[in-house]
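Only one structure is covered here, and it is reproduced in the block below.
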Amino acid sequence: MRCRTCDYPLWNISARSCPECGAPFRPSDFEFVPNSIRFCCPECQVAYYGTSPQGHLEPPAFECVRCGRALTMDECVLLPAEGVVDEETAPEVMPWFDPRRRWTFGGWFTMLLRSMCEPRRYIRSIPPERSSGFLFALVILCAGFAIGGASWTGLMMVGQGAFITTGSVLDMVWRSLVVVICWAAASALLLLLWCLVAHGLLRMTGSVARGLHRTTQCLCFGAPMSLAMALPCVGCYTIPVIPVWWCIVAATMVAEAQRVSGARAALAVLAFPLVSIGSCCGFPMVAVALLGP
């Protein structure tokens with residue numbers, strides 16, 4: 001447990017401010033590996049252990065069994081459990097936030113696997129105070145689209161026996177770059193609107209645990225599914241599947257992170273994609289009906 005302002009270790013401190021920079025903190029603002037932390041009574045030093053999925057005490061308010069003092073978790077003095085070092089108390093962190101794993105194949109494979117199969121565990125590994133994930137999602141969307149498109153175009157040219165020259169390659173690269181830039185701009189706009197609509201619907205239908213930033217994290221960090229577009233030959237056929245699975249993953253993550261029901265999370269996440277698809281499909285039909293044959 002370290003200060004989020006200056007990275008000073010906050011163990012064995014009864015005051016609720018960092019002794020280095022003075023920034024306030026509460027133990028409940030942090031997440032820990034279950035049973036890795038001793039929550040000690042400031043009066044008699046008897047230790048209690050956090051057993052919740054976030055490593056917090058259950059219940060968070062109680063009476064000390066030794067001295068009888070009424071305590072809350074945020075009043076306790078924290079220490080790592082015996083035999084546990086500082087680094088082992090923090091929960092698993094998403095590879096995107098680990099400089100050593102950010103650009104490794106293993107890190108990206110882990111993010112893809114966790115987002116697809118364990119979205120609740122995946123969102124718990126994303127600290128709420130870290131990046132919103134907007135850049136992360138754009139990198140994945142553009143990488144999947146560019147790699148998949150390039151492999152498909154290359155195979156088409158080879159299969160048709162196209163005569164490849166330096167000029168044709170440069171022209172293809174230039175055209176591809178323009179397409180990728182347009183794709184990135186459109187993706188950024190749609191992703192921003194999706195986040196705003198999703199969080200707006202969550203607020204309209206009840207209370208939420210955190211703000212827009214956390215909802216944005218759920219939607220943006222659910223993007224690893226889009227890497228399927230980079231698969232040679234078959235990547236283009238995954239495009240209809242990607243939005244469906246992405247919405248399922250995002251709704252699960254929203255329900256976990258914002259502490260809302262599955263129905264509210266699904267409504268918030270699915271509303272914008274469904275309206276967008278309906279508008280794209282319905283506009284030509286309306287135009288034909290109005291303009292006539």
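Each chain in the structure tokens gets a letter, A, B and so on, in the order shown; residues start at 1 in every chain, and ligands are counted from 1 in the order they appear.
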
ask   = Leaving out Thr72 in chain A and any residue of its chain fewer than 2 positions from it, which residues lie within 8 Å of it when counting only C-alpha atoms, given as a PyMOL selection string?
value = chain A and resi 60-62+70+74-76

Those residues you just picked out, can you put them in a file as a PDB file, in the first residue's frame with all heavy atoms?
ATOM      1  N   PRO A  60     -17.026  -4.271   7.676  1.00  0.00           N
ATOM      2  CA  PRO A  60     -16.036  -3.195   7.797  1.00  0.00           C
ATOM      3  C   PRO A  60     -16.092  -2.457   9.126  1.00  0.00           C
ATOM      4  O   PRO A  60     -15.162  -1.718   9.452  1.00  0.00           O
ATOM      5  CB  PRO A  60     -16.389  -2.263   6.637  1.00  0.00           C
ATOM      6  CG  PRO A  60     -17.835  -2.521   6.358  1.00  0.00           C
ATOM      7  CD  PRO A  60     -18.069  -3.968   6.675  1.00  0.00           C
ATOM      8  N   ALA A  61     -17.179  -2.622   9.896  1.00  0.00           N
ATOM      9  CA  ALA A  61     -17.307  -1.991  11.217  1.00  0.00           C
ATOM     10  C   ALA A  61     -17.587  -3.079  12.250  1.00  0.00           C
ATOM     11  O   ALA A  61     -18.407  -3.970  12.013  1.00  0.00           O
ATOM     12  CB  ALA A  61     -18.419  -0.950  11.211  1.00  0.00           C
ATOM     13  N   PHE A  62     -16.915  -3.005  13.415  1.00  0.00           N
ATOM     14  CA  PHE A  62     -17.015  -4.070  14.411  1.00  0.00           C
ATOM     15  C   PHE A  62     -16.457  -3.574  15.736  1.00  0.00           C
ATOM     16  O   PHE A  62     -15.950  -2.453  15.835  1.00  0.00           O
ATOM     17  CB  PHE A  62     -16.239  -5.310  13.944  1.00  0.00           C
ATOM     18  CG  PHE A  62     -14.782  -5.032  13.669  1.00  0.00           C
ATOM     19  CD1 PHE A  62     -13.811  -5.289  14.625  1.00  0.00           C
ATOM     20  CD2 PHE A  62     -14.376  -4.483  12.453  1.00  0.00           C
ATOM     21  CE1 PHE A  62     -12.472  -5.010  14.384  1.00  0.00           C
ATOM     22  CE2 PHE A  62     -13.040  -4.194  12.204  1.00  0.00           C
ATOM     23  CZ  PHE A  62     -12.089  -4.465  13.169  1.00  0.00           C
ATOM     24  N   ALA A  70     -14.971   0.277  19.487  1.00  0.00           N
ATOM     25  CA  ALA A  70     -15.716   0.265  18.231  1.00  0.00           C
ATOM     26  C   ALA A  70     -14.791   0.719  17.110  1.00  0.00           C
ATOM     27  O   ALA A  70     -14.213   1.814  17.172  1.00  0.00           O
ATOM     28  CB  ALA A  70     -16.938   1.169  18.326  1.00  0.00           C
ATOM     29  N   ASP A  74     -11.245   1.608   8.214  1.00  0.00           N
ATOM     30  CA  ASP A  74     -10.410   2.756   7.897  1.00  0.00           C
ATOM     31  C   ASP A  74      -9.675   3.322   9.108  1.00  0.00           C
ATOM     32  O   ASP A  74      -8.794   4.172   8.954  1.00  0.00           O
ATOM     33  CB  ASP A  74     -11.258   3.854   7.248  1.00  0.00           C
ATOM     34  CG  ASP A  74     -11.618   3.533   5.813  1.00  0.00           C
ATOM     35  OD1 ASP A  74     -10.860   2.778   5.175  1.00  0.00           O
ATOM     36  OD2 ASP A  74     -12.651   4.025   5.326  1.00  0.00           O
ATOM     37  N   GLU A  75     -10.022   2.869  10.320  1.00  0.00           N
ATOM     38  CA  GLU A  75      -9.315   3.315  11.518  1.00  0.00           C
ATOM     39  C   GLU A  75      -8.164   2.402  11.886  1.00  0.00           C
ATOM     40  O   GLU A  75      -7.347   2.736  12.747  1.00  0.00           O
ATOM     41  CB  GLU A  75     -10.286   3.408  12.696  1.00  0.00           C
ATOM     42  CG  GLU A  75     -11.360   4.468  12.537  1.00  0.00           C
ATOM     43  CD  GLU A  75     -12.371   4.439  13.671  1.00  0.00           C
ATOM     44  OE1 GLU A  75     -12.711   3.335  14.140  1.00  0.00           O
ATOM     45  OE2 GLU A  75     -12.821   5.524  14.079  1.00  0.00           O
ATOM     46  N   CYS A  76      -8.074   1.239  11.251  1.00  0.00           N
ATOM     47  CA  CYS A  76      -7.055   0.256  11.605  1.00  0.00           C
ATOM     48  C   CYS A  76      -5.679   0.662  11.079  1.00  0.00           C
ATOM     49  O   CYS A  76      -5.544   1.429  10.128  1.00  0.00           O
ATOM     50  CB  CYS A  76      -7.427  -1.117  11.047  1.00  0.00           C
ATOM     51  SG  CYS A  76      -8.908  -1.841  11.799  1.00  0.00           S
TER      52      CYS A  76
END

inquiry  = What's around Ile126 in chain A at 10 Å? Count only C-alpha atoms, leave out sequence neighbours fewer than 6 positions away in its own chain, and write the answer as a PyMOL selection string.
reply    = chain A and resi 91-97+132-133+214+217-218+221+257

Kindly export the residues of the current selection with N, CA and C atoms, as an mmCIF file, in the first residue's frame.
data_model
loop_
_atom_site.group_PDB
_atom_site.id
_atom_site.type_symbol
_atom_site.label_atom_id
_atom_site.label_comp_id
_atom_site.auth_asym_id
_atom_site.auth_seq_id
_atom_site.Cartn_x
_atom_site.Cartn_y
_atom_site.Cartn_z
ATOM 1 N N PRO A 91 -3.156 -6.752 -5.502
ATOM 2 C CA PRO A 91 -3.774 -7.705 -6.429
ATOM 3 C C PRO A 91 -3.094 -7.650 -7.787
ATOM 4 N N GLU A 92 -3.427 -8.623 -8.597
ATOM 5 C CA GLU A 92 -2.838 -8.676 -9.937
ATOM 6 C C GLU A 92 -3.161 -7.409 -10.720
ATOM 7 N N VAL A 93 -2.152 -6.860 -11.386
ATOM 8 C CA VAL A 93 -2.326 -5.646 -12.165
ATOM 9 C C VAL A 93 -2.342 -6.009 -13.641
ATOM 10 N N MET A 94 -3.232 -5.384 -14.368
ATOM 11 C CA MET A 94 -3.336 -5.616 -15.796
ATOM 12 C C MET A 94 -1.996 -5.334 -16.482
ATOM 13 N N PRO A 95 -1.550 -6.190 -17.439
ATOM 14 C CA PRO A 95 -0.246 -5.994 -18.092
ATOM 15 C C PRO A 95 -0.059 -4.623 -18.733
ATOM 16 N N TRP A 96 -1.147 -3.964 -19.146
ATOM 17 C CA TRP A 96 -1.010 -2.643 -19.764
ATOM 18 C C TRP A 96 -0.370 -1.640 -18.820
ATOM 19 N N PHE A 97 -0.533 -1.843 -17.495
ATOM 20 C CA PHE A 97 0.019 -0.927 -16.502
ATOM 21 C C PHE A 97 1.383 -1.389 -15.991
ATOM 22 N N SER A 132 -7.984 5.891 -18.413
ATOM 23 C CA SER A 132 -9.345 5.525 -18.812
ATOM 24 C C SER A 132 -9.361 4.404 -19.838
ATOM 25 N N GLY A 133 -8.237 4.152 -20.504
ATOM 26 C CA GLY A 133 -8.169 3.082 -21.492
ATOM 27 C C GLY A 133 -8.549 3.504 -22.893
ATOM 28 N N ARG A 214 -14.674 5.330 -14.612
ATOM 29 C CA ARG A 214 -14.713 3.879 -14.403
ATOM 30 C C ARG A 214 -15.541 3.192 -15.486
ATOM 31 N N GLN A 217 -13.416 2.942 -18.493
ATOM 32 C CA GLN A 217 -12.460 1.846 -18.365
ATOM 33 C C GLN A 217 -13.093 0.513 -18.749
ATOM 34 N N CYS A 218 -14.316 0.287 -18.304
ATOM 35 C CA CYS A 218 -14.990 -0.983 -18.602
ATOM 36 C C CYS A 218 -15.176 -1.172 -20.104
ATOM 37 N N PHE A 221 -11.320 -1.040 -21.971
ATOM 38 C CA PHE A 221 -10.452 -2.174 -21.704
ATOM 39 C C PHE A 221 -11.108 -3.503 -22.072
ATOM 40 N N ALA A 257 -17.844 -3.341 -11.699
ATOM 41 C CA ALA A 257 -17.143 -2.125 -11.278
ATOM 42 C C ALA A 257 -18.080 -1.087 -10.680
#

inquiry  = Report, in Å with one decimal, the straight-line distance from CA of Cys18 in chain A to CA of Met1 in chain A.
reply    =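 Going from CA of Cys18 in chain A over to CA of Met1 in chain A, I get 11.2 Å.
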
ask   = Any idea what the distance is between CA of Pro42 in chain A and CA of Glu63 in chain A?
value =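 Going from CA of Pro42 in chain A over to CA of Glu63 in chain A, I get 12.4 Å.
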